[in-house]
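Novice: My file is final_33.tsv. It has TSV, N, CA and C atoms:
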```
chain	number	residue	atom	x	y	z
A	1	MET	N	94.63	95.78	94.45
A	1	MET	CA	93.64	95.98	95.48
A	1	MET	C	93.14	94.65	96.02
A	2	VAL	N	93.11	93.63	95.19
A	2	VAL	CA	92.70	92.30	95.68
A	2	VAL	C	93.70	91.81	96.72
A	3	VAL	N	94.98	92.02	96.44
A	3	VAL	CA	96.01	91.60	97.39
A	3	VAL	C	95.88	92.40	98.68
A	4	LEU	N	95.66	93.71	98.57
A	4	LEU	CA	95.47	94.53	99.78
A	4	LEU	C	94.22	94.11	100.55
A	5	GLY	N	93.17	93.77	99.83
A	5	GLY	CA	91.96	93.30	100.49
A	5	GLY	C	92.19	91.99	101.23
A	6	TRP	N	92.91	91.10	100.59
A	6	TRP	CA	93.23	89.82	101.24
A	6	TRP	C	94.13	90.03	102.46
A	7	LEU	N	95.16	90.89	102.31
A	7	LEU	CA	96.04	91.17	103.46
A	7	LEU	C	95.27	91.85	104.59
A	8	ASP	N	94.35	92.72	104.25
A	8	ASP	CA	93.52	93.37	105.26
A	8	ASP	C	92.68	92.34	106.00
A	9	GLN	N	92.14	91.40	105.27
A	9	GLN	CA	91.34	90.35	105.92
A	9	GLN	C	92.19	89.51	106.86
A	10	VAL	N	93.40	89.16	106.43
A	10	VAL	CA	94.27	88.30	107.23
A	10	VAL	C	94.84	89.04	108.43
A	11	LEU	N	95.33	90.26	108.21
A	11	LEU	CA	96.03	90.99	109.27
A	11	LEU	C	95.11	91.80	110.18
A	12	PHE	N	94.06	92.37	109.63
A	12	PHE	CA	93.22	93.29	110.41
A	12	PHE	C	91.78	92.82	110.56
A	13	GLY	N	91.48	91.60	110.18
A	13	GLY	CA	90.13	91.09	110.37
A	13	GLY	C	89.09	91.74	109.49
A	14	ALA	N	89.43	92.05	108.26
A	14	ALA	CA	88.52	92.64	107.27
A	14	ALA	C	88.04	94.03	107.68
A	15	SER	N	88.96	94.88	108.11
A	15	SER	CA	88.62	96.25	108.46
A	15	SER	C	88.45	97.08	107.20
A	16	LEU	N	87.23	97.56	106.98
A	16	LEU	CA	86.96	98.36	105.79
A	16	LEU	C	87.63	99.73	105.87
A	17	THR	N	87.85	100.23	107.08
A	17	THR	CA	88.54	101.52	107.23
A	17	THR	C	89.99	101.39	106.80
A	18	VAL	N	90.65	100.33	107.20
A	18	VAL	CA	92.04	100.11	106.78
A	18	VAL	C	92.10	99.98	105.26
A	19	TYR	N	91.17	99.25	104.69
A	19	TYR	CA	91.12	99.09	103.25
A	19	TYR	C	90.95	100.45	102.55
A	20	GLY	N	90.07	101.27	103.07
A	20	GLY	CA	89.86	102.60	102.48
A	20	GLY	C	91.08	103.48	102.58
A	21	VAL	N	91.76	103.44	103.72
A	21	VAL	CA	92.98	104.23	103.90
A	21	VAL	C	94.06	103.76	102.93
A	22	LEU	N	94.18	102.46	102.74
A	22	LEU	CA	95.17	101.93	101.80
A	22	LEU	C	94.81	102.22	100.34
A	23	PHE	N	93.54	102.42	100.09
A	23	PHE	CA	93.08	102.70	98.73
A	23	PHE	C	93.57	104.06	98.23
A	24	LEU	N	93.65	105.05	99.10
A	24	LEU	CA	94.03	106.40	98.68
A	24	LEU	C	95.44	106.47	98.09
A	25	PRO	N	96.47	105.91	98.74
A	25	PRO	CA	97.78	105.96	98.09
A	25	PRO	C	97.86	105.12	96.81
A	26	VAL	N	97.08	104.05	96.75
A	26	VAL	CA	97.05	103.25	95.51
A	26	VAL	C	96.49	104.10	94.37
A	27	CYS	N	95.49	104.90	94.64
A	27	CYS	CA	94.93	105.79	93.62
A	27	CYS	C	95.96	106.80	93.16
A	28	ALA	N	96.67	107.39	94.10
A	28	ALA	CA	97.70	108.38	93.75
A	28	ALA	C	98.81	107.73	92.92
A	29	LEU	N	99.25	106.55	93.33
A	29	LEU	CA	100.30	105.86	92.58
A	29	LEU	C	99.83	105.46	91.19
A	30	THR	N	98.59	105.03	91.10
A	30	THR	CA	98.04	104.66	89.79
A	30	THR	C	98.04	105.86	88.86
A	31	ALA	N	97.60	107.00	89.34
A	31	ALA	CA	97.55	108.20	88.49
A	31	ALA	C	98.95	108.71	88.15
A	32	CYS	N	99.92	108.46	89.01
A	32	CYS	CA	101.30	108.90	88.74
A	32	CYS	C	102.02	107.95	87.79
A	33	TRP	N	101.73	106.67	87.86
A	33	TRP	CA	102.47	105.69	87.08
A	33	TRP	C	101.84	105.38	85.73
A	34	ILE	N	100.62	105.79	85.50
A	34	ILE	CA	99.94	105.41	84.27
A	34	ILE	C	100.61	106.09	83.07
A	35	ARG	N	100.60	105.42	81.94
A	35	ARG	CA	101.21	105.99	80.73
A	35	ARG	C	100.50	107.27	80.32
A	36	ARG	N	101.25	108.13	79.64
A	36	ARG	CA	100.68	109.42	79.22
A	36	ARG	C	99.45	109.25	78.34
A	37	GLY	N	99.47	108.27	77.47
A	37	GLY	CA	98.35	108.05	76.56
A	37	GLY	C	97.10	107.52	77.25
A	38	ASP	N	97.26	107.00	78.45
A	38	ASP	CA	96.14	106.39	79.17
A	38	ASP	C	95.68	107.22	80.37
A	39	LEU	N	96.02	108.48	80.41
A	39	LEU	CA	95.69	109.31	81.58
A	39	LEU	C	94.19	109.39	81.83
A	40	VAL	N	93.40	109.31	80.79
A	40	VAL	CA	91.95	109.42	80.95
A	40	VAL	C	91.39	108.22	81.69
A	41	THR	N	92.08	107.09	81.63
A	41	THR	CA	91.54	105.87	82.23
A	41	THR	C	91.76	105.79	83.74
A	42	ALA	N	92.66	106.59	84.29
A	42	ALA	CA	92.95	106.49	85.74
A	42	ALA	C	91.71	106.66	86.61
A	43	PRO	N	90.88	107.69	86.37
A	43	PRO	CA	89.68	107.83	87.22
A	43	PRO	C	88.63	106.75	86.98
A	44	VAL	N	88.77	106.00	85.89
A	44	VAL	CA	87.82	104.93	85.60
A	44	VAL	C	88.27	103.61	86.23
A	45	VAL	N	89.56	103.38	86.23
A	45	VAL	CA	90.10	102.10	86.70
A	45	VAL	C	90.04	101.97	88.22
A	46	VAL	N	90.30	103.06	88.94
A	46	VAL	CA	90.39	102.94	90.40
A	46	VAL	C	89.08	102.53	91.07
A	47	PRO	N	87.91	103.01	90.64
A	47	PRO	CA	86.69	102.48	91.29
A	47	PRO	C	86.46	101.00	91.02
A	48	ILE	N	86.86	100.55	89.83
A	48	ILE	CA	86.73	99.12	89.51
A	48	ILE	C	87.65	98.31	90.42
A	49	ALA	N	88.87	98.80	90.59
A	49	ALA	CA	89.82	98.11	91.48
A	49	ALA	C	89.32	98.10	92.91
A	50	PHE	N	88.69	99.19	93.36
A	50	PHE	CA	88.14	99.25	94.70
A	50	PHE	C	87.08	98.17	94.89
A	51	ALA	N	86.18	98.04	93.93
A	51	ALA	CA	85.11	97.05	94.04
A	51	ALA	C	85.66	95.64	94.00
A	52	VAL	N	86.61	95.37	93.13
A	52	VAL	CA	87.17	94.02	93.04
A	52	VAL	C	87.95	93.69	94.31
A	53	GLY	N	88.65	94.66	94.86
A	53	GLY	CA	89.39	94.43	96.09
A	53	GLY	C	88.52	94.20	97.31
A	54	LEU	N	87.27	94.64	97.23
A	54	LEU	CA	86.34	94.42	98.34
A	54	LEU	C	85.84	92.97	98.41
A	55	LEU	N	86.00	92.22	97.35
A	55	LEU	CA	85.47	90.85	97.34
A	55	LEU	C	85.96	90.00	98.51
A	56	PRO	N	87.25	90.02	98.86
A	56	PRO	CA	87.65	89.20	100.02
A	56	PRO	C	87.12	89.73	101.35
A	57	LEU	N	86.78	91.00	101.40
A	57	LEU	CA	86.34	91.62	102.66
A	57	LEU	C	84.84	91.57	102.87
A	58	ALA	N	84.09	91.47	101.81
A	58	ALA	CA	82.65	91.65	101.88
A	58	ALA	C	81.88	90.34	101.93
A	59	ASP	N	82.45	89.33	102.52
A	59	ASP	CA	81.80	88.03	102.57
A	59	ASP	C	80.76	88.00	103.68
A	60	GLU	N	79.51	87.92	103.30
A	60	GLU	CA	78.40	87.85	104.26
A	60	GLU	C	77.98	86.39	104.50
A	61	GLY	N	78.56	85.48	103.77
A	61	GLY	CA	78.14	84.09	103.89
A	61	GLY	C	76.87	83.84	103.09
A	62	GLY	N	76.45	82.61	103.03
A	62	GLY	CA	75.20	82.31	102.34
A	62	GLY	C	75.36	82.17	100.84
A	63	GLY	N	76.55	81.84	100.37
A	63	GLY	CA	76.73	81.59	98.95
A	63	GLY	C	76.93	82.85	98.13
A	64	PHE	N	76.60	82.71	96.85
A	64	PHE	CA	76.84	83.79	95.90
A	64	PHE	C	76.01	85.03	96.22
A	65	LEU	N	74.73	84.85	96.50
A	65	LEU	CA	73.86	86.00	96.78
A	65	LEU	C	74.26	86.71	98.08
A	66	GLY	N	74.71	85.95	99.06
A	66	GLY	CA	75.18	86.57	100.29
A	66	GLY	C	76.45	87.38	100.06
A	67	SER	N	77.35	86.86	99.25
A	67	SER	CA	78.57	87.60	98.92
A	67	SER	C	78.25	88.85	98.12
A	68	LEU	N	77.31	88.73	97.20
A	68	LEU	CA	76.89	89.89	96.40
A	68	LEU	C	76.27	90.97	97.28
A	69	MET	N	75.44	90.55	98.22
A	69	MET	CA	74.83	91.50	99.15
A	69	MET	C	75.90	92.16	100.03
A	70	GLY	N	76.88	91.38	100.47
A	70	GLY	CA	77.98	91.94	101.25
A	70	GLY	C	78.78	92.95	100.46
A	71	LEU	N	79.00	92.66	99.17
A	71	LEU	CA	79.73	93.60	98.31
A	71	LEU	C	78.96	94.90	98.15
A	72	PHE	N	77.67	94.81	97.88
A	72	PHE	CA	76.86	96.03	97.72
A	72	PHE	C	76.81	96.84	99.01
A	73	THR	N	76.70	96.15	100.13
A	73	THR	CA	76.68	96.84	101.42
A	73	THR	C	78.01	97.55	101.68
A	74	ALA	N	79.11	96.85	101.40
A	74	ALA	CA	80.44	97.46	101.60
A	74	ALA	C	80.63	98.65	100.66
A	75	LEU	N	80.19	98.53	99.43
A	75	LEU	CA	80.30	99.67	98.50
A	75	LEU	C	79.48	100.86	98.97
A	76	ALA	N	78.31	100.59	99.52
A	76	ALA	CA	77.46	101.68	99.99
A	76	ALA	C	78.03	102.35	101.24
A	77	THR	N	78.57	101.56	102.14
A	77	THR	CA	79.07	102.14	103.39
A	77	THR	C	80.46	102.75	103.24
A	78	GLN	N	81.21	102.36	102.22
A	78	GLN	CA	82.56	102.87	102.02
A	78	GLN	C	82.64	103.81	100.82
A	79	ALA	N	81.54	104.40	100.43
A	79	ALA	CA	81.50	105.27	99.26
A	79	ALA	C	82.40	106.49	99.42
A	80	GLY	N	82.58	106.97	100.63
A	80	GLY	CA	83.46	108.13	100.85
A	80	GLY	C	84.89	107.85	100.44
A	81	TRP	N	85.41	106.67	100.80
A	81	TRP	CA	86.76	106.30	100.38
A	81	TRP	C	86.82	106.16	98.86
A	82	LEU	N	85.79	105.57	98.29
A	82	LEU	CA	85.74	105.38	96.85
A	82	LEU	C	85.76	106.72	96.11
A	83	TYR	N	84.91	107.65	96.55
A	83	TYR	CA	84.87	108.97	95.91
A	83	TYR	C	86.17	109.73	96.13
A	84	GLY	N	86.71	109.64	97.33
A	84	GLY	CA	87.96	110.33	97.64
A	84	GLY	C	89.11	109.82	96.78
A	85	GLY	N	89.24	108.52	96.65
A	85	GLY	CA	90.29	107.95	95.82
A	85	GLY	C	90.12	108.29	94.35
A	86	THR	N	88.88	108.26	93.89
A	86	THR	CA	88.62	108.62	92.49
A	86	THR	C	88.95	110.09	92.26
A	87	LEU	N	88.65	110.93	93.23
A	87	LEU	CA	88.99	112.35	93.12
A	87	LEU	C	90.51	112.55	93.09
A	88	VAL	N	91.22	111.85	93.95
A	88	VAL	CA	92.69	111.94	93.96
A	88	VAL	C	93.25	111.54	92.60
A	89	ALA	N	92.82	110.40	92.07
A	89	ALA	CA	93.30	109.95	90.77
A	89	ALA	C	92.91	110.92	89.67
A	90	GLY	N	91.70	111.44	89.72
A	90	GLY	CA	91.25	112.38	88.71
A	90	GLY	C	92.04	113.68	88.71
A	91	VAL	N	92.31	114.21	89.88
A	91	VAL	CA	93.07	115.46	89.98
A	91	VAL	C	94.49	115.26	89.48
A	92	ILE	N	95.14	114.20	89.91
A	92	ILE	CA	96.52	113.95	89.49
A	92	ILE	C	96.58	113.72	87.97
A	93	ALA	N	95.66	112.93	87.44
A	93	ALA	CA	95.65	112.68	86.00
A	93	ALA	C	95.36	113.95	85.21
A	94	THR	N	94.47	114.79	85.72
A	94	THR	CA	94.15	116.04	85.04
A	94	THR	C	95.35	116.98	85.03
A	95	VAL	N	96.03	117.09	86.15
A	95	VAL	CA	97.22	117.95	86.21
A	95	VAL	C	98.29	117.43	85.26
A	96	ARG	N	98.48	116.12	85.25
A	96	ARG	CA	99.47	115.56	84.32
A	96	ARG	C	99.09	115.82	82.87
A	97	LYS	N	97.82	115.70	82.54
A	97	LYS	CA	97.36	115.93	81.17
A	97	LYS	C	97.53	117.40	80.78
A	98	ILE	N	97.23	118.32	81.67
A	98	ILE	CA	97.39	119.74	81.38
A	98	ILE	C	98.86	120.07	81.16
A	99	ARG	N	99.73	119.53	82.00
A	99	ARG	CA	101.17	119.75	81.82
A	99	ARG	C	101.66	119.18	80.50
A	100	LEU	N	101.18	118.01	80.13
A	100	LEU	CA	101.56	117.41	78.86
A	100	LEU	C	101.09	118.26	77.68
A	101	MET	N	99.87	118.74	77.74
A	101	MET	CA	99.35	119.58	76.67
A	101	MET	C	100.10	120.90	76.56
A	102	SER	N	100.46	121.49	77.69
A	102	SER	CA	101.20	122.76	77.65
A	102	SER	C	102.61	122.54	77.10
A	103	ARG	N	103.24	121.42	77.42
A	103	ARG	CA	104.56	121.13	76.85
A	103	ARG	C	104.48	120.95	75.34
A	104	ARG	N	103.48	120.25	74.88
A	104	ARG	CA	103.30	120.06	73.43
A	104	ARG	C	103.07	121.40	72.74
A	105	ALA	N	102.26	122.23	73.34
A	105	ALA	CA	102.00	123.55	72.74
A	105	ALA	C	103.27	124.39	72.71
A	106	ALA	N	104.08	124.33	73.75
A	106	ALA	CA	105.33	125.08	73.79
A	106	ALA	C	106.31	124.55	72.74
A	107	GLN	N	106.35	123.25	72.55
A	107	GLN	CA	107.22	122.67	71.52
A	107	GLN	C	106.79	123.09	70.14
A	108	GLN	N	105.48	123.12	69.90
A	108	GLN	CA	104.98	123.53	68.60
A	108	GLN	C	105.26	125.01	68.33
A	109	ARG	N	105.15	125.86	69.36
A	109	ARG	CA	105.45	127.28	69.19
A	109	ARG	C	106.94	127.50	68.93
A	110	SER	N	107.79	126.69	69.55
A	110	SER	CA	109.22	126.85	69.34
A	110	SER	C	109.65	126.40	67.95
A	111	ARG	N	108.88	125.50	67.36
A	111	ARG	CA	109.19	125.02	66.00
A	111	ARG	C	108.82	126.05	64.95
A	112	VAL	N	107.84	126.85	65.22
A	112	VAL	CA	107.34	127.83	64.24
A	112	VAL	C	108.19	129.03	64.17
```
Could you write out this file's structure as structure tokens?
Specialist:
Amino acid sequence: MVVLGWLDQVLFGASLTVYGVLFLPVCALTACWIRRGDLVTAPVVVPIAFAVGLLPLADEGGGFLGSLMGLFTALATQAGWLYGGTLVAGVIATVRKIRLMSRRAAQQRSRV
């Protein structure tokens, strides 16, 4: 997300809408590619990645406090993308976990 944030700043002039649109497929890919044992972490990791990726875009100037204020403002105004991406990752991870649990249960029934 940091790379996407930087590319967004360079190519699109720090468009938060472009960043939000790019965030959704990253969430889906994260939930699809994550290891089976780490499925619970997908909905936790994507909001952190969203916030870290906003750092290149949320520069308000004025040093550290200005950058921090820009980050908080961007998080507040782009919360819809953040919630949407977290929901996408959560749904995909949940479906994968349910399928994994049902396969394990079927294997255990076939052994008995």
Novice: Near Met69 (chain A), counting only C-alpha atoms, which residues have an atom at most 9 Å away, once you skip same-chain residues fewer than 3 positions from it, shown as a PyMOL selection string?
Specialist: chain A and resi 58-60+64-66+72-74
Novice: Could you tell me how far CA of Thr30 (chain A) sits from CA of Phe12 (chain A), in Å to one decimal place?
Specialist: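 Between these atoms lies a distance of 24.0 Å.
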Novice: Give me the residues within 12 Å of Gly80 (chain A) as an MDAnalysis selection string, counting only C-alpha atoms and dropping any in the same chain fewer than 2 places off.
Specialist: chainID A and resid 16:17 20:21 23:24 47 50 74:78 82:87
Novice: Please determine, counting only N, CA and C atoms, which residue among A:Ala51, A:Gly13, A:Gly90, A:Trp6 has the shortest atom-to-atom distance to Leu71 (chain A).
Specialist: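 The closest residue to Leu71 (chain A) is A:Ala51.
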Novice: Of the candidates A:Ala89, A:Leu11, A:Ala105, A:Ile34, which shows the shortest atom-to-atom distance to Val46 (chain A), using all atoms listed in the file?
Specialist: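 Looking at the shortest contact to Val46 (chain A), the residue is A:Ala89.
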Novice: Where does DSSP see helix (DSSP H, G or I) in region 6-66 of chain A, if you list the residues as a ChimeraX atom specification?
Specialist: /A:6-12,16-33,36-53,63-66
Novice: Axis-aligned box over every listed atom of region 19-32 of chain A, padded by 5 Å per side: centre and edges in Å to one decimal, as JSON?
Specialist:
```
{"center_x": 95.9, "center_y": 104.0, "center_z": 96.2, "size_x": 22.2, "size_y": 19.8, "size_z": 26.9}
```
Novice: Quote the spacing between atom C of Ser110 (chain A) and atom C of Ile98 (chain A) in Å to one decimal place.
Specialist: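 Separation between atom C of Ser110 (chain A) and atom C of Ile98 (chain A): 18.2 Å.
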Novice: Using all atoms listed in the file, can you tell me which of A:Leu57, A:Leu22, A:Ala93, A:Cys32 comes closest to Gly5 (chain A)?
Specialist: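 Counting all atoms listed in the file, the residue closest to Gly5 (chain A) is A:Leu57.
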Novice: Looking at only C-alpha atoms, which of A:Val18, A:Val2, A:Leu7, A:Arg99 is the one that sits closest to Trp81 (chain A)?
Specialist: A:Val18
Novice: Which residue, A:Leu55, A:Val112, A:Ala28, A:Ile48, has the smallest gap to Arg96 (chain A) when you use only C-alpha atoms?
Specialist: A:Ala28
Novice: What does the distance between CA of Trp33 (chain A) and atom C of Asp8 (chain A) come to in Å, to one decimal place?
Specialist: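 Atom-to-atom, CA of Trp33 (chain A) to atom C of Asp8 (chain A), that is 25.1 Å.
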Novice: Return the single residue from A:Thr94, A:Leu100, A:Ala106, A:Val3 that is closest to Val40 (chain A), with distances computed using only N, CA and C atoms.
Specialist: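 Of all the options, A:Thr94 lies closest to Val40 (chain A).
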